[in-house]
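*Asks:* The following block contains the structure, expressed as structure tokens.
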Amino acid sequence: MRPSTALSFCLLISAIPLLAHAELMIGGYPPGASSAHPLRQFAATAQGPASPIREIGGPATGLYGPASASFEPSENLLYVSDFWGQAIRVFPAYANGDVAPLRVINPPILGQTRSNVPIVAHDELAAIASNCCIYTFPLHADGDAVPRIRSISWGGIPGSPTQLNNPLALTWLPDSDELAVVDYDLDPPYASKVVFHARTADGQATPTRVLKSIHTANAAGLAHDPIQHKLYLLTSTTTDSVNFVAQIRVFADTAANADAPLYTIEAAATQLDFTSVQYPSGIGIDPGLQRLMVGISANGNPADNRVVSFALSASGNAAPVQVLSGTSLSPGSIGAPFAMPTAVIFTSGFDD
């Protein structure tokens, strides 16, 4: 290679950003009506009551109850669903401290919002709105007058076919172009299920499919791996209504009706046990570290908060690779964990 060509090649490499490995980030709900809640990030090697390596929080952030968030890598943004703040706040992915959001999506129709999914391929942002529905907004929306592109309506209306009641844990399946949520039936025995809708569905739409059986009982979280074509469903069981154990049930992402899971992560070594004053708060996938992350939230005592992470390849009675615990996770109750790269690395092609 000629010297001029080699120099051009190295300069080209220097302009290419590479995402570092991802690490766990988590928000939650504040302990009281007059307080707020930050987003906190933890090192991949952290264990126990370790301190966060980064925190987004303070008056300028506007964050009140950021229980769910999504990292959007093409523009390096965080889309934060602020449940109590009734807004989706958009931050630079590597914001730190008390920083104002770049944009705030807060039309009145959004209400108390749970998880969101940026869908860059279609320039859309899907979100759970008002605890009832799936709304789609322009991805780069801003302000309180943002119009909906589409809305999949509440299923509690008599005769409604949508089967949406109180959805949570929204995810998008790119191969089938479906949106999926965890939900439960409106009528006794309030059976838990996973409801799938076409991304382009609008109004009183019928689901493309529903996954519901004994295997989806007490579902509390959902994550999707589009590479391995798997759905990870967080569920729980009890024998005495006081002591519980959570499971991760792994399904093919084409599963429907009463299909059984491919396998389950469960049993004593998992450290997914909890009591009646705790509850599973969500599940996330870390594609960089190849991990699953499960939140076990305290109800009233933040010292009992816990996040348990497993190798993505784990099955059966698997021991976790990371267990974070205590008040460093949250001053109140934790939300759903999600993966966030620690930085963008620029490679120069030269030795220092």
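The chains in the structure tokens are called A, B, ... from first to last as shown; in each chain the residues are counted from 1, and the ligands are counted from 1 in the order shown.
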Kindly provide the residues of region 112-134 of chain A that approach region 220-238 of chain A to within 12 Å, each paired with its closest atom pair and their distance in Å to one decimal, based on only C-alpha atoms, listed by chain and increasing number, as a tab-separated table.

*Replies:*
```
residue	atom	partner	partner_atom	distance
A:Arg114	CA	A:Gly221	CA	11.7
A:Ser115	CA	A:Gly221	CA	10.5
A:Val117	CA	A:Ala223	CA	11.6
```

*Asks:* I need the chosen residues saved as a compact mmCIF listing (two decimals), in the first residue's frame, with C-alpha atoms.

*Replies:*
```txt
# COMPACT_ATOMS: atom_id res chain seq x y z
CA ARG A 114 -44.86 2.93 30.17
CA SER A 115 -42.30 1.47 27.78
CA VAL A 117 -39.75 1.68 21.23
```

*Asks:* Extract, using only C-alpha atoms, all DNA, RNA and protein residues at most 9 Å from Arg209 (chain A), discarding same-chain residues fewer than 2 positions from it, and format them as a list in words.

*Replies:*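 Residues meeting the cut-off are Val194, Val195, Phe196, His197, Thr206, Pro207, Leu211, Ala255, Ala256 and Asn257 of chain A.
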
*Asks:* Need the shell around Ala311 (chain A): protein/DNA/RNA residues with any atom at most 10 Å away, counting only C-alpha atoms. Skip same-chain ones fewer than 5 positions apart. Format as a JSON list (two decimals) with C-alpha atoms, in the first residue's frame?

*Replies:*
```json
[["chain", "number", "residue", "atom", "x", "y", "z"],
["A", 285, "ILE", "CA", -31.42, -7.79, 27.01],
["A", 286, "ASP", "CA", -27.83, -6.59, 26.87],
["A", 289, "LEU", "CA", -22.46, -8.40, 27.00],
["A", 290, "GLN", "CA", -24.90, -11.14, 25.95],
["A", 291, "ARG", "CA", -26.89, -10.91, 29.16],
["A", 292, "LEU", "CA", -30.46, -10.98, 30.42],
["A", 293, "MET", "CA", -31.29, -8.53, 33.22],
["A", 318, "ALA", "CA", -28.49, -21.12, 36.20],
["A", 319, "ALA", "CA", -26.47, -18.96, 38.57],
["A", 320, "PRO", "CA", -26.45, -15.23, 37.79],
["A", 321, "VAL", "CA", -23.36, -13.44, 36.52],
["A", 322, "GLN", "CA", -24.27, -10.19, 38.29]]
```

*Asks:* Leaving out Leu262 (chain A) and any residue of its chain fewer than 5 positions from it, which residues lie within 9 Å of it when counting only C-alpha atoms, given as a list in words?

*Replies:* Arg249, Val250, Phe251 and Ala252 of chain A

*Asks:* For the residues in the current selection, export N, CA and C atoms as a short mmCIF file (atom, residue, chain, number, x, y, z; two decimals), in the first residue's frame.

*Replies:*
```
data_model
loop_
_atom_site.label_atom_id
_atom_site.label_comp_id
_atom_site.auth_asym_id
_atom_site.auth_seq_id
_atom_site.Cartn_x
_atom_site.Cartn_y
_atom_site.Cartn_z
N ARG A 249 -39.18 -17.40 30.93
CA ARG A 249 -39.64 -18.40 29.98
C ARG A 249 -39.29 -17.93 28.58
N VAL A 250 -38.58 -18.77 27.85
CA VAL A 250 -38.02 -18.40 26.55
C VAL A 250 -38.83 -19.08 25.44
N PHE A 251 -39.43 -18.27 24.59
CA PHE A 251 -40.28 -18.75 23.50
C PHE A 251 -39.65 -18.41 22.15
N ALA A 252 -40.00 -19.17 21.14
CA ALA A 252 -39.72 -18.73 19.78
C ALA A 252 -40.52 -17.45 19.52
#
```

*Asks:* Identify which of the residues A:Leu329, A:Leu164, A:Val323, A:Ile296 lies closest to Arg54 (chain A), counting only C-alpha atoms when measuring atom-to-atom distances.

*Replies:* A:Leu329

*Asks:* How close does region 221-249 of chain A get to region 264-269 of chain A? List, as CSV, each residue of region 221-249 of chain A within 8 Å, its nearest atom pair and the distance in Å to one decimal, counting only C-alpha atoms.

*Replies:*
```
residue,atom,partner,partner_atom,distance
A:Val245,CA,A:Ala267,CA,7.9
A:Ala246,CA,A:Glu266,CA,7.2
A:Gln247,CA,A:Glu266,CA,5.0
A:Ile248,CA,A:Ile265,CA,5.0
A:Arg249,CA,A:Thr264,CA,4.5
```

*Asks:* Identify, with DSSP run on backbone atoms, the residues in region 3-167 of chain A assigned to strand (DSSP E or B), and express the list as an MDAnalysis selection string.

*Replies:* chainID A and resid 17:19 22:26 28:29 39:41 48 54:56 66:72 77:82 87:92 97 103:105 116:119 124:129 133:138 143 150:152

*Asks:* Would you export the selected residues with C-alpha atoms as a short mmCIF file (atom, residue, chain, number, x, y, z; two decimals), in the first residue's frame, please?

*Replies:*
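The result, stored in selection-v1.cif:
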```
data_model
loop_
_atom_site.label_atom_id
_atom_site.label_comp_id
_atom_site.auth_asym_id
_atom_site.auth_seq_id
_atom_site.Cartn_x
_atom_site.Cartn_y
_atom_site.Cartn_z
CA PRO A 17 -17.52 5.29 15.77
CA LEU A 18 -17.62 1.92 17.50
CA LEU A 19 -19.97 1.27 20.41
CA ALA A 22 -23.12 -2.22 26.96
CA GLU A 23 -23.87 -2.01 30.64
CA LEU A 24 -26.98 -1.98 32.77
CA MET A 25 -29.04 1.18 33.27
CA ILE A 26 -32.20 1.52 35.32
CA GLY A 28 -37.88 3.68 38.60
CA TYR A 29 -40.52 5.38 40.73
CA LEU A 39 -31.66 7.08 35.81
CA ARG A 40 -28.55 5.23 36.99
CA GLN A 41 -25.94 3.19 35.13
CA GLY A 48 -24.01 -6.03 45.41
CA ARG A 54 -23.37 7.64 36.01
CA GLU A 55 -26.66 9.27 36.96
CA ILE A 56 -29.10 11.44 35.03
CA PRO A 66 -38.62 7.12 34.60
CA ALA A 67 -39.52 3.47 34.96
CA SER A 68 -38.68 2.49 31.37
CA ALA A 69 -36.30 3.74 28.69
CA SER A 70 -34.90 2.81 25.28
CA PHE A 71 -31.45 3.44 23.81
CA GLU A 72 -31.56 4.51 20.17
CA LEU A 77 -30.35 9.08 22.20
CA LEU A 78 -32.24 7.88 25.24
CA TYR A 79 -36.04 7.87 25.00
CA VAL A 80 -37.23 7.86 28.60
CA SER A 81 -40.83 7.01 29.51
CA ASP A 82 -41.59 9.16 32.55
CA ALA A 87 -43.96 12.48 29.12
CA ILE A 88 -41.31 10.86 26.99
CA ARG A 89 -38.09 12.80 27.57
CA VAL A 90 -35.28 12.52 25.04
CA PHE A 91 -31.69 12.88 26.27
CA PRO A 92 -28.27 12.53 24.71
CA GLY A 97 -25.97 14.84 35.94
CA ARG A 103 -36.99 17.14 23.50
CA VAL A 104 -40.11 16.43 25.54
CA ILE A 105 -43.03 14.54 23.99
CA ASN A 116 -41.49 2.94 24.38
CA VAL A 117 -39.75 1.68 21.23
CA PRO A 118 -37.98 3.94 18.71
CA ILE A 119 -38.50 2.41 15.26
CA GLU A 124 -41.73 6.30 14.38
CA LEU A 125 -41.89 6.07 18.14
CA ALA A 126 -44.32 3.52 19.59
CA ALA A 127 -45.33 3.88 23.24
CA ILE A 128 -47.75 2.54 25.80
CA ALA A 129 -50.05 5.45 26.62
CA CYS A 133 -53.25 1.72 24.54
CA ILE A 134 -50.41 1.68 22.04
CA TYR A 135 -49.84 5.07 20.38
CA THR A 136 -47.39 5.86 17.58
CA PHE A 137 -45.81 9.31 17.23
CA PRO A 138 -43.27 10.80 14.83
CA GLY A 143 -43.93 19.36 22.60
CA ARG A 150 -51.87 5.78 14.91
CA SER A 151 -53.48 4.45 18.08
CA ILE A 152 -54.39 0.88 19.00
#
```

*Asks:* Could you find all residues in region 20-128 of chain A that DSSP calls helix (DSSP H, G or I) from the backbone, and write them as a ChimeraX atom specification?

*Replies:* /A:59-61,108-110,120-122

*Asks:* May I have the residues from that selection written out with N, CA and C atoms, as a short mmCIF file (atom, residue, chain, number, x, y, z; two decimals), in the first residue's frame?

*Replies:*
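Okay, part-v5.cif is ready:
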```cif
data_model
loop_
_atom_site.label_atom_id
_atom_site.label_comp_id
_atom_site.auth_asym_id
_atom_site.auth_seq_id
_atom_site.Cartn_x
_atom_site.Cartn_y
_atom_site.Cartn_z
N PRO A 59 -33.46 18.64 38.99
CA PRO A 59 -34.59 19.47 38.54
C PRO A 59 -34.62 19.74 37.05
N ALA A 60 -33.45 19.98 36.45
CA ALA A 60 -33.42 20.32 35.02
C ALA A 60 -33.87 19.17 34.14
N THR A 61 -33.67 17.94 34.60
CA THR A 61 -34.03 16.78 33.78
C THR A 61 -35.55 16.64 33.62
N PRO A 108 -51.35 15.67 25.96
CA PRO A 108 -52.23 15.16 27.01
C PRO A 108 -52.69 13.72 26.78
N ILE A 109 -52.83 13.32 25.52
CA ILE A 109 -53.30 11.96 25.24
C ILE A 109 -52.29 10.89 25.65
N LEU A 110 -51.02 11.29 25.90
CA LEU A 110 -50.01 10.31 26.29
C LEU A 110 -50.28 9.76 27.68
N VAL A 120 -36.61 3.31 14.06
CA VAL A 120 -35.92 4.23 13.17
C VAL A 120 -36.24 3.93 11.71
N ALA A 121 -36.39 2.66 11.37
CA ALA A 121 -36.65 2.28 9.98
C ALA A 121 -37.91 2.92 9.42
N HIS A 122 -38.84 3.28 10.30
CA HIS A 122 -40.09 3.89 9.87
C HIS A 122 -40.28 5.30 10.43
#
```

*Asks:* Write out as a PDB file with N, CA and C atoms, in the first residue's frame the residues lying within 7 Å of Ser276 (chain A), counting only C-alpha atoms and excluding same-chain residues fewer than 6 positions away.

*Replies:*
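What landed in part19.pdb:
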```
ATOM      1  N   SER A 241     -48.637 -17.655  48.548  1.00  0.00           N
ATOM      2  CA  SER A 241     -49.005 -16.237  48.457  1.00  0.00           C
ATOM      3  C   SER A 241     -48.126 -15.335  49.313  1.00  0.00           C
ATOM      4  N   VAL A 242     -47.058 -15.856  49.864  1.00  0.00           N
ATOM      5  CA  VAL A 242     -46.119 -15.058  50.645  1.00  0.00           C
ATOM      6  C   VAL A 242     -44.727 -15.113  50.016  1.00  0.00           C
ATOM      7  N   ASN A 243     -44.325 -16.303  49.620  1.00  0.00           N
ATOM      8  CA  ASN A 243     -43.024 -16.501  48.991  1.00  0.00           C
ATOM      9  C   ASN A 243     -43.213 -16.844  47.514  1.00  0.00           C
TER      10      ASN A 243
END
```
